[in-house]
$ cat work-v2.cif   # mmCIF, C-alpha atoms
data_final
#
loop_
_atom_site.label_atom_id
_atom_site.label_comp_id
_atom_site.auth_asym_id
_atom_site.auth_seq_id
_atom_site.Cartn_x
_atom_site.Cartn_y
_atom_site.Cartn_z
CA MET G 1 -30.51 25.36 -26.46
CA ASN G 2 -27.49 27.61 -26.92
CA VAL G 3 -23.97 26.64 -27.99
CA THR G 4 -22.46 26.96 -24.49
CA ARG G 5 -25.04 24.65 -23.01
CA ILE G 6 -24.50 22.04 -25.74
CA LEU G 7 -20.73 22.26 -25.32
CA LEU G 8 -20.97 21.82 -21.54
CA LEU G 9 -23.36 18.90 -21.98
CA LEU G 10 -20.91 17.20 -24.35
CA ILE G 11 -18.05 17.77 -21.89
CA SER G 12 -20.17 16.25 -19.09
CA ILE G 13 -20.99 13.18 -21.20
CA ALA G 14 -17.34 12.76 -22.27
CA ILE G 15 -16.16 12.96 -18.64
CA ALA G 16 -18.80 10.51 -17.45
CA ILE G 17 -18.38 7.94 -20.20
CA GLY G 18 -14.77 8.38 -21.35
CA PRO G 19 -12.75 6.84 -18.50
CA ILE G 20 -15.17 3.99 -17.75
CA GLY G 21 -15.60 3.25 -21.46
CA THR G 22 -11.81 3.15 -21.85
CA ALA G 23 -11.57 0.78 -18.87
CA LEU G 24 -14.17 -1.56 -20.35
CA ILE G 25 -12.35 -1.58 -23.68
CA ILE G 26 -8.94 -2.24 -22.08
CA TYR G 27 -10.26 -5.03 -19.83
CA ARG G 28 -12.90 -6.41 -22.24
CA ASP G 29 -11.21 -9.84 -22.29
CA ASN G 30 -10.95 -10.15 -18.53
CA LEU G 31 -13.40 -8.02 -16.58
CA VAL G 32 -12.43 -9.69 -13.28
CA ASP G 33 -9.00 -7.98 -13.47
CA LEU G 34 -10.85 -4.66 -13.55
CA VAL G 35 -12.05 -5.26 -10.00
CA VAL G 36 -9.49 -7.67 -8.52
CA PRO G 37 -5.95 -6.89 -9.67
CA PRO G 38 -3.69 -9.93 -10.26
CA GLU G 39 -1.16 -8.74 -7.64
CA ALA G 40 -3.91 -8.72 -4.95
CA SER G 41 -4.89 -12.31 -5.78
CA GLU G 42 -1.21 -13.25 -5.65
CA VAL G 43 -0.67 -11.75 -2.17
CA MET G 44 -3.92 -13.24 -0.82
CA THR G 45 -2.99 -16.68 -2.19
CA LYS G 46 0.43 -16.44 -0.55
CA LEU G 47 -1.12 -15.40 2.77
CA SER G 48 -3.57 -18.29 2.72
CA THR G 49 -1.26 -21.03 1.46
CA GLU G 50 2.06 -20.18 3.09
CA LYS G 51 2.30 -19.62 6.84
CA PRO G 52 5.26 -18.49 8.91
CA SER G 53 6.70 -21.44 10.82
CA ALA G 54 8.55 -21.66 14.13
CA ALA G 55 11.16 -24.20 15.19
CA PHE G 56 12.89 -24.49 18.53
CA GLU G 57 16.64 -24.27 18.15
CA ASN G 58 17.95 -24.84 21.64
CA TYR G 59 17.64 -24.00 25.34
CA GLU G 60 20.08 -22.60 27.82
CA TYR G 61 19.71 -22.81 31.57
CA ASP G 62 21.50 -20.46 33.91
CA ALA G 63 21.35 -22.14 37.33
CA SER G 64 22.55 -19.08 39.24
CA SER G 65 19.69 -16.87 38.02
CA ARG G 66 17.31 -19.82 37.51
CA THR G 67 16.64 -18.49 34.00
CA VAL G 68 15.85 -20.57 30.95
CA THR G 69 16.47 -19.03 27.54
CA LEU G 70 14.62 -20.56 24.59
CA LYS G 71 15.86 -19.84 21.10
CA VAL G 72 13.17 -20.02 18.47
CA SER G 73 13.79 -19.63 14.76
CA ILE G 74 10.94 -18.11 12.81
CA LYS G 75 10.76 -18.48 9.04
CA ASN G 76 9.13 -15.81 6.93
CA PRO G 77 8.00 -17.48 3.68
CA TYR G 78 6.62 -14.28 2.16
CA THR G 79 8.18 -11.86 -0.29
CA PHE G 80 7.70 -9.01 2.18
CA ASN G 81 9.20 -8.28 5.61
CA LEU G 82 7.34 -9.24 8.79
CA ILE G 83 7.72 -7.38 12.06
CA ILE G 84 7.11 -9.34 15.26
CA ASN G 85 6.70 -6.87 18.11
CA SER G 86 6.35 -9.43 20.88
CA LEU G 87 6.07 -13.15 21.46
CA SER G 88 5.06 -14.85 24.70
CA ALA G 89 3.70 -18.13 26.01
CA ASP G 90 2.99 -19.88 29.29
CA VAL G 91 5.30 -22.81 29.97
CA GLU G 92 3.80 -25.84 31.67
CA CYS G 93 5.30 -29.10 32.76
CA THR G 94 3.91 -31.74 30.36
CA ALA G 95 3.53 -34.40 33.03
CA HIS G 96 1.66 -32.34 35.63
CA HIS G 97 0.45 -29.25 33.73
CA PHE G 98 2.25 -27.25 36.42
CA HIS G 99 2.71 -23.60 35.44
CA LEU G 100 6.45 -22.97 35.26
CA GLY G 101 6.38 -19.39 34.08
CA ARG G 102 5.88 -17.26 31.00
CA VAL G 103 8.47 -16.94 28.27
CA TYR G 104 8.50 -13.68 26.43
CA SER G 105 10.37 -11.53 24.00
CA ASP G 106 9.32 -7.92 23.66
CA ILE G 107 12.12 -6.71 21.41
CA PRO G 108 10.65 -6.02 17.95
CA GLN G 109 12.16 -8.31 15.35
CA ASN G 110 12.16 -7.58 11.66
CA ILE G 111 12.16 -10.82 9.72
CA PRO G 112 13.23 -10.02 6.16
CA ALA G 113 11.40 -11.57 3.24
CA LYS G 114 12.19 -15.22 2.56
CA SER G 115 14.48 -15.59 5.53
CA THR G 116 14.70 -17.01 9.05
CA THR G 117 15.44 -15.09 12.25
CA SER G 118 16.19 -16.37 15.74
CA ILE G 119 14.23 -14.95 18.64
CA GLU G 120 15.32 -15.46 22.25
CA MET G 121 12.67 -15.84 24.92
CA THR G 122 13.42 -16.10 28.61
CA VAL G 123 11.61 -17.50 31.63
CA LYS G 124 12.72 -17.34 35.24
CA TRP G 125 11.85 -20.18 37.57
CA ASP G 126 10.54 -18.96 40.91
CA GLU G 127 10.71 -20.81 44.23
CA GLY G 128 7.42 -22.59 43.55
CA VAL G 129 8.88 -24.04 40.38
CA GLU G 130 12.03 -25.08 42.24
CA ALA G 131 9.85 -26.84 44.79
CA HIS G 132 7.87 -28.59 42.03
CA ILE G 133 11.07 -29.74 40.31
CA ASP G 134 12.55 -30.96 43.61
CA SER G 135 9.41 -32.86 44.60
CA ASP G 136 8.04 -34.18 41.29
CA HIS G 137 11.14 -34.33 39.08
CA SER G 138 13.84 -35.28 41.58
CA GLY G 139 16.74 -37.00 39.88
CA GLN G 140 15.85 -35.62 36.44
CA SER G 141 18.17 -33.24 34.63
CA SER G 142 15.54 -32.12 32.13
CA ILE G 143 11.78 -32.13 31.73
CA LEU G 144 9.34 -32.01 28.87
CA VAL G 145 7.33 -28.82 28.68
CA ASP G 146 4.31 -27.52 26.78
CA LEU G 147 3.67 -24.01 25.56
CA VAL G 148 0.13 -22.78 26.13
CA GLN G 149 -1.58 -19.48 25.36
CA LEU G 150 1.09 -18.66 22.77
CA ALA G 151 0.60 -15.00 21.90
CA ALA G 152 2.28 -12.96 19.20
CA ASP G 153 2.00 -9.36 18.09
CA VAL G 154 2.68 -9.33 14.35
CA GLN G 155 2.56 -5.88 12.76
CA GLY G 156 0.18 -4.72 15.51
CA ILE G 157 -2.16 -7.68 15.03
CA SER G 158 -2.39 -9.90 18.09
CA VAL G 159 -2.63 -13.63 17.54
CA GLN G 160 -3.29 -16.08 20.36
CA LEU G 161 -3.22 -19.83 19.85
CA GLN G 162 -5.70 -21.81 21.90
CA SER G 163 -3.94 -25.12 21.37
CA ARG G 164 -1.17 -26.64 23.51
CA ILE G 165 2.23 -27.03 21.83
CA SER G 166 4.43 -29.83 23.12
CA LEU G 167 8.14 -29.24 22.63
CA SER G 168 9.96 -32.27 21.36
CA ASP G 169 13.26 -31.60 23.20
CA PRO G 170 13.31 -31.62 27.01
CA VAL G 171 14.33 -28.44 28.82
CA PRO G 172 17.37 -28.62 31.11
CA ILE G 173 16.48 -27.88 34.73
CA ARG G 174 19.80 -28.35 36.56
CA MET U 1 -13.80 44.26 -15.15
CA LYS U 2 -15.59 45.72 -12.13
CA LEU U 3 -14.64 44.24 -8.77
CA ASN U 4 -18.21 44.43 -7.50
CA ARG U 5 -19.21 42.31 -10.48
CA ILE U 6 -16.92 39.45 -9.49
CA ASN U 7 -18.52 36.49 -7.77
CA TRP U 8 -16.04 36.22 -4.90
CA PHE U 9 -17.63 33.03 -3.56
CA GLY U 10 -17.21 31.45 -6.97
CA LEU U 11 -13.63 32.64 -7.25
CA ALA U 12 -12.80 31.26 -3.78
CA GLY U 13 -14.68 28.02 -4.54
CA GLY U 14 -12.88 27.56 -7.88
CA LEU U 15 -9.47 28.20 -6.33
CA THR U 16 -10.27 25.82 -3.45
CA VAL U 17 -11.17 23.11 -5.95
CA VAL U 18 -7.85 23.74 -7.75
CA VAL U 19 -5.98 23.33 -4.43
CA LEU U 20 -8.05 20.22 -3.71
CA VAL U 21 -7.19 18.63 -7.06
CA PHE U 22 -3.52 19.57 -6.75
CA ALA U 23 -3.22 18.21 -3.18
CA SER U 24 -5.10 14.99 -4.00
CA VAL U 25 -3.20 14.20 -7.19
CA ALA U 26 0.25 15.82 -7.03
CA PHE U 27 0.80 15.11 -3.32
CA ALA U 28 -1.54 12.07 -3.12
CA TYR U 29 -3.14 13.40 0.07
CA PRO U 30 -6.05 11.12 0.92
CA TRP U 31 -9.46 12.36 2.08
CA TRP U 32 -9.98 9.29 4.26
CA GLN U 33 -7.57 6.66 5.46
CA LEU U 34 -7.76 3.26 7.07
CA GLU U 35 -4.93 1.44 8.79
CA VAL U 36 -5.07 -2.21 9.86
CA GLY U 37 -2.36 -3.22 12.30
CA GLU U 38 1.02 -1.53 11.90
CA GLY U 39 1.40 -1.37 8.14
CA PHE U 40 -0.42 -4.68 7.61
CA PHE U 41 -3.05 -3.06 5.39
CA GLU U 42 -3.53 0.58 4.53
CA ALA U 43 -6.10 2.35 2.39
CA HIS U 44 -5.65 5.95 1.34
CA THR U 45 -8.70 7.12 -0.51
CA SER U 46 -9.98 10.22 -2.20
CA PRO U 47 -12.30 10.61 -5.18
CA MET U 48 -9.24 11.41 -7.32
CA ASN U 49 -6.60 9.04 -6.03
CA THR U 50 -6.95 5.77 -4.17
CA ASN U 51 -4.26 3.31 -3.23
CA PHE U 52 -4.07 0.25 -1.08
CA SER U 53 -1.05 -1.31 0.54
CA LEU U 54 -1.02 -4.89 1.79
CA LEU U 55 2.15 -5.67 3.75
CA GLY U 56 4.05 -3.05 1.77
CA ASN U 57 2.71 -4.23 -1.61
CA MET U 58 0.97 -1.39 -3.42
CA LEU U 59 -2.33 -2.48 -4.95
CA THR U 60 -4.28 -0.55 -7.55
CA ILE U 61 -7.81 -1.58 -8.45
CA PRO U 62 -8.28 -0.56 -12.11
CA LEU U 63 -12.01 0.13 -11.73
CA ILE U 64 -11.35 2.55 -8.87
CA TYR U 65 -8.50 4.12 -10.86
CA PHE U 66 -10.84 4.89 -13.77
CA LEU U 67 -13.58 6.14 -11.41
CA ASN U 68 -10.96 8.40 -9.81
CA LEU U 69 -10.07 9.66 -13.31
CA THR U 70 -13.73 10.52 -13.91
CA CYS U 71 -13.89 12.52 -10.66
CA LEU U 72 -10.57 14.22 -11.42
CA LEU U 73 -11.71 15.38 -14.89
CA SER U 74 -15.07 16.42 -13.47
CA LEU U 75 -13.49 18.59 -10.76
CA ILE U 76 -10.94 20.11 -13.15
CA ALA U 77 -13.77 21.05 -15.52
CA SER U 78 -15.76 22.40 -12.57
CA ALA U 79 -12.85 24.54 -11.35
CA VAL U 80 -12.13 25.98 -14.82
CA ALA U 81 -15.80 26.77 -15.46
CA MET U 82 -16.26 28.28 -11.98
CA LEU U 83 -13.17 30.51 -12.33
CA PHE U 84 -14.28 31.72 -15.78
CA TYR U 85 -17.77 32.35 -14.53
CA SER U 86 -16.62 34.14 -11.38
CA VAL U 87 -14.73 36.89 -13.20
CA LEU U 88 -17.39 37.28 -15.89
CA PRO U 89 -20.66 36.53 -14.10
CA THR U 90 -22.87 38.80 -16.22
CA LYS U 91 -22.05 37.41 -19.65
CA SER U 92 -24.77 35.61 -21.54
CA TYR U 93 -23.08 32.21 -21.11
CA SER U 94 -22.16 32.74 -17.44
CA LYS U 95 -25.24 31.14 -15.94
CA ASP U 96 -24.60 28.00 -17.99
CA LEU U 97 -21.01 27.88 -16.72
CA LEU U 98 -22.23 28.30 -13.13
CA GLY U 99 -24.89 25.60 -13.56
CA PHE U 100 -22.24 23.27 -14.97
CA ALA U 101 -19.71 23.97 -12.20
CA TYR U 102 -21.39 24.58 -8.85
CA LYS U 103 -22.87 21.13 -8.18
CA LYS U 104 -19.85 19.01 -9.06
CA PRO U 105 -17.82 19.45 -5.82
CA LEU U 106 -20.94 18.71 -3.73
CA VAL U 107 -21.87 15.68 -5.85
CA THR U 108 -18.28 14.36 -5.64
CA LEU U 109 -18.30 14.81 -1.86
CA LEU U 110 -21.68 13.06 -1.45
CA VAL U 111 -20.71 10.17 -3.75
CA PHE U 112 -17.48 9.74 -1.78
CA VAL U 113 -19.20 9.69 1.63
CA ILE U 114 -21.98 7.38 0.40
CA GLY U 115 -19.34 5.10 -1.15
CA LEU U 116 -17.52 4.90 2.17
CA LEU U 117 -20.76 4.12 4.00
CA ILE U 118 -21.51 1.33 1.52
CA VAL U 119 -17.97 -0.11 1.81
CA THR U 120 -17.99 -0.12 5.62
CA TYR U 121 -21.49 -1.65 5.66
CA ALA U 122 -20.54 -4.26 3.05
CA ALA U 123 -17.41 -5.19 5.04
CA GLY U 124 -19.66 -5.82 8.03
CA LEU U 125 -21.96 -8.05 6.00
CA LEU U 126 -19.30 -9.98 4.09
CA PHE U 127 -16.62 -10.45 6.75
CA GLN U 128 -18.68 -9.94 9.93
CA ILE U 129 -16.33 -7.11 10.78
CA SER U 130 -17.63 -3.71 11.76
CA PHE U 131 -15.49 -0.64 12.07
CA PRO U 132 -16.36 3.03 12.33
CA MET U 133 -15.84 5.53 9.53
CA VAL U 134 -13.95 7.69 12.02
CA GLY U 135 -12.17 6.35 15.08
CA SER U 136 -10.33 3.28 16.21
CA THR U 137 -11.45 -0.17 17.20
CA THR U 138 -10.09 -3.64 17.71
CA VAL U 139 -11.87 -6.30 15.73
CA ARG U 140 -11.84 -9.94 16.75
CA LEU U 141 -11.88 -12.06 13.61
CA PRO U 142 -14.72 -14.57 13.51
CA ALA U 143 -13.72 -18.20 14.10
CA SER U 144 -14.59 -19.08 10.50
CA MET U 145 -11.80 -16.77 9.32
CA SER U 146 -9.20 -17.43 12.02
CA GLY U 147 -9.39 -21.22 12.15
CA GLY U 148 -9.87 -21.32 15.90
CA THR U 149 -6.98 -18.97 16.63
CA GLU U 150 -7.89 -15.80 18.47
CA ILE U 151 -6.88 -12.89 16.23
CA ASN U 152 -7.45 -9.29 17.25
CA VAL U 153 -6.94 -6.66 14.60
CA PRO U 154 -6.66 -2.96 15.45
CA ILE U 155 -8.29 -0.71 12.86
CA VAL U 156 -7.90 3.07 12.76
CA THR U 157 -9.88 5.24 10.35
CA SER U 158 -9.94 9.00 9.92
CA PHE U 159 -10.91 11.82 7.63
CA THR U 160 -8.01 14.11 6.80
CA TRP U 161 -7.91 17.91 6.50
CA ILE U 162 -8.27 17.57 2.72
CA PHE U 163 -11.75 16.11 3.25
CA TRP U 164 -12.73 19.20 5.23
CA LEU U 165 -11.23 21.37 2.49
CA ALA U 166 -13.55 19.56 0.07
CA VAL U 167 -16.50 20.40 2.34
CA VAL U 168 -15.42 24.08 2.24
CA ALA U 169 -15.06 23.97 -1.57
CA ALA U 170 -18.55 22.47 -1.96
CA ALA U 171 -20.03 25.10 0.40
CA LEU U 172 -18.31 27.97 -1.46
CA CYS U 173 -19.63 26.70 -4.80
CA ILE U 174 -23.18 26.53 -3.43
CA ALA U 175 -22.71 30.03 -1.97
CA ALA U 176 -21.56 31.19 -5.43
CA ARG U 177 -24.84 29.95 -6.89
CA LEU U 178 -26.83 31.83 -4.25
CA TYR U 179 -24.70 35.00 -4.60
CA HIS U 180 -25.22 34.96 -8.39
CA LYS U 181 -28.79 36.20 -7.84
CA ARG U 182 -27.39 39.36 -6.22
CA ILE U 183 -24.77 40.27 -8.82
CA ALA U 184 -26.69 39.18 -11.91
CA PRO U 185 -30.38 39.31 -11.08
CA THR U 186 -32.67 37.76 -13.62
CA GLN U 187 -33.98 40.44 -16.00
CA PRO U 188 -37.78 40.61 -16.00
CA PRO U 189 -39.24 40.12 -19.48
CA THR U 190 -39.69 43.49 -21.22
CA GLN U 191 -43.29 44.60 -21.59
CA PRO U 192 -44.34 45.38 -25.16
CA ASN U 193 -45.41 49.01 -25.57
#
$ encode --input "work-v2.cif" --output "structure tokens"
Amino acid sequence: MNVTRILLLLISIAIAIGPIGTALIIYRDNLVDLVVPPEASEVMTKLSTEKPSAAFENYEYDASSRTVTLKVSIKNPYTFNLIINSLSADVECTAHHFHLGRVYSDIPQNIPAKSTTSIEMTVKWDEGVEAHIDSDHSGQSSILVDLVQLAADVQGISVQLQSRISLSDPVPIR
Amino acid sequence: MKLNRINWFGLAGGLTVVVLVFASVAFAYPWWQLEVGEGFFEAHTSPMNTNFSLLGNMLTIPLIYFLNLTCLLSLIASAVAMLFYSVLPTKSYSKDLLGFAYKKPLVTLLVFVIGLLIVTYAAGLLFQISFPMVGSTTVRLPASMSGGTEINVPIVTSFTWIFWLAVVAAALCIAARLYHKRIAPTQPPTQPN
């Protein structure tokens, strides 16, 4: 075997063993960190333990356009920004499960890290809803409603809740 | 130095590997990339530089970093040896340089593609999520992961032009090995008189 061949063989061995050997020496006390970095565990723990939360702030009803505007505040508990591209839900009368319309917001909202942002969603009552309110809720100035099929587009990922969400405050209807 | 004694395939292959290393390391161009949602999770991978981003948080897996370092040193050594060999292909040590250099780009490419196949297959087994190596799909998370909520995740994967440059580099290095027989044919053993 000539000198060149021996030299090249040594270079090959050094390249193959050097970096991995160095890694094993550096991480000899905690080999798990070699595969799962601490910052990844931290982010995954945050994602699984802390969830964004939504709270209904208030409603506004414009009788002339028969439009209800819901204001929802969404809290981002994470240390990174969240972008909500759209938010929508079907609104149903709690008492009769009558479909009143679909609230939506399709204006992308950037919720900065560790902060709360208000999102406005609107729904327009049509004549069928007016008829339902006149016949089944006559004399009432507000009704309790549920949100069903709540759908959100968060950073391109679509999330749809299957459960029914009952709003604690009644919605003004007159 | 005679021009007809230069292994032009080797020279082109060596220079292509240099460009490949420079683009992958200095400019961090990935060979393959994966995007989940709109910036929710991103993976930019190459045998020499790999980084992950989860909601804007850069993640580096040390094991992959050191494997990338191995590939980087291997390709640098390959490029240097191939360039030396290409301009001096008839020296006594040239065939050793060629043997050392010509397989490394191809081996790196194969290891990278096989690694990707394993990762995509393992993701399917572990998380019941399947996505193509090239293309886009929308994955519905299994109920066990989404807690009853319907979650659809768009996934886009693609090879970049750097990957195809790596294919060209590997092909040129193999061509250099084949062309070597024409510019430096093996001398038949001399017959004793």
$ residues_around --input "work-v2.cif" --residues "Met58 (chain U)" --least-positions-apart "4" --cutoff "9 Å" --atoms "only C-alpha atoms" --output "list in words"
Glu39 and Ala40 of chain G; Asn51, Phe52, Ser53 and Leu54 of chain U
$ write_last_selection --input "work-v2.cif" --atoms "C-alpha atoms" --output "PDB file, in the frame of the given file"
ATOM      1  CA  GLU G  39      -1.160  -8.740  -7.640  1.00  0.00           C
ATOM      2  CA  ALA G  40      -3.910  -8.720  -4.950  1.00  0.00           C
TER       3      ALA G  40
ATOM      4  CA  ASN U  51      -4.260   3.310  -3.230  1.00  0.00           C
ATOM      5  CA  PHE U  52      -4.070   0.250  -1.080  1.00  0.00           C
ATOM      6  CA  SER U  53      -1.050  -1.310   0.540  1.00  0.00           C
ATOM      7  CA  LEU U  54      -1.020  -4.890   1.790  1.00  0.00           C
TER       8      LEU U  54
END
$ atom_distance --input "work-v2.cif" --atom1 "CA of Glu57 (chain G)" --atom2 "CA of Arg174 (chain G)"
19.1 Å
$ resolve_selection --input "work-v2.cif" --expression "the PyMOL selection byres ((chain G) within 6 of (chain U))" --output "PyMOL selection string"
chain G and resi 15+19-20+34-35+37+155-161
$ residues_around --input "work-v2.cif" --residues "Glu60 (chain G)" --least-positions-apart "2" --cutoff "12 Å" --atoms "all atoms listed in the file" --output "PyMOL selection string"
chain G and resi 56-58+62-63+65-72+120-124+142+170-174
$ atom_distance --input "work-v2.cif" --atom1 "CA of Asp90 (chain G)" --atom2 "CA of Thr117 (chain G)"
21.6 Å
$ atom_distance --input "work-v2.cif" --atom1 "CA of Ser24 (chain U)" --atom2 "CA of Ala169 (chain U)"
13.6 Å
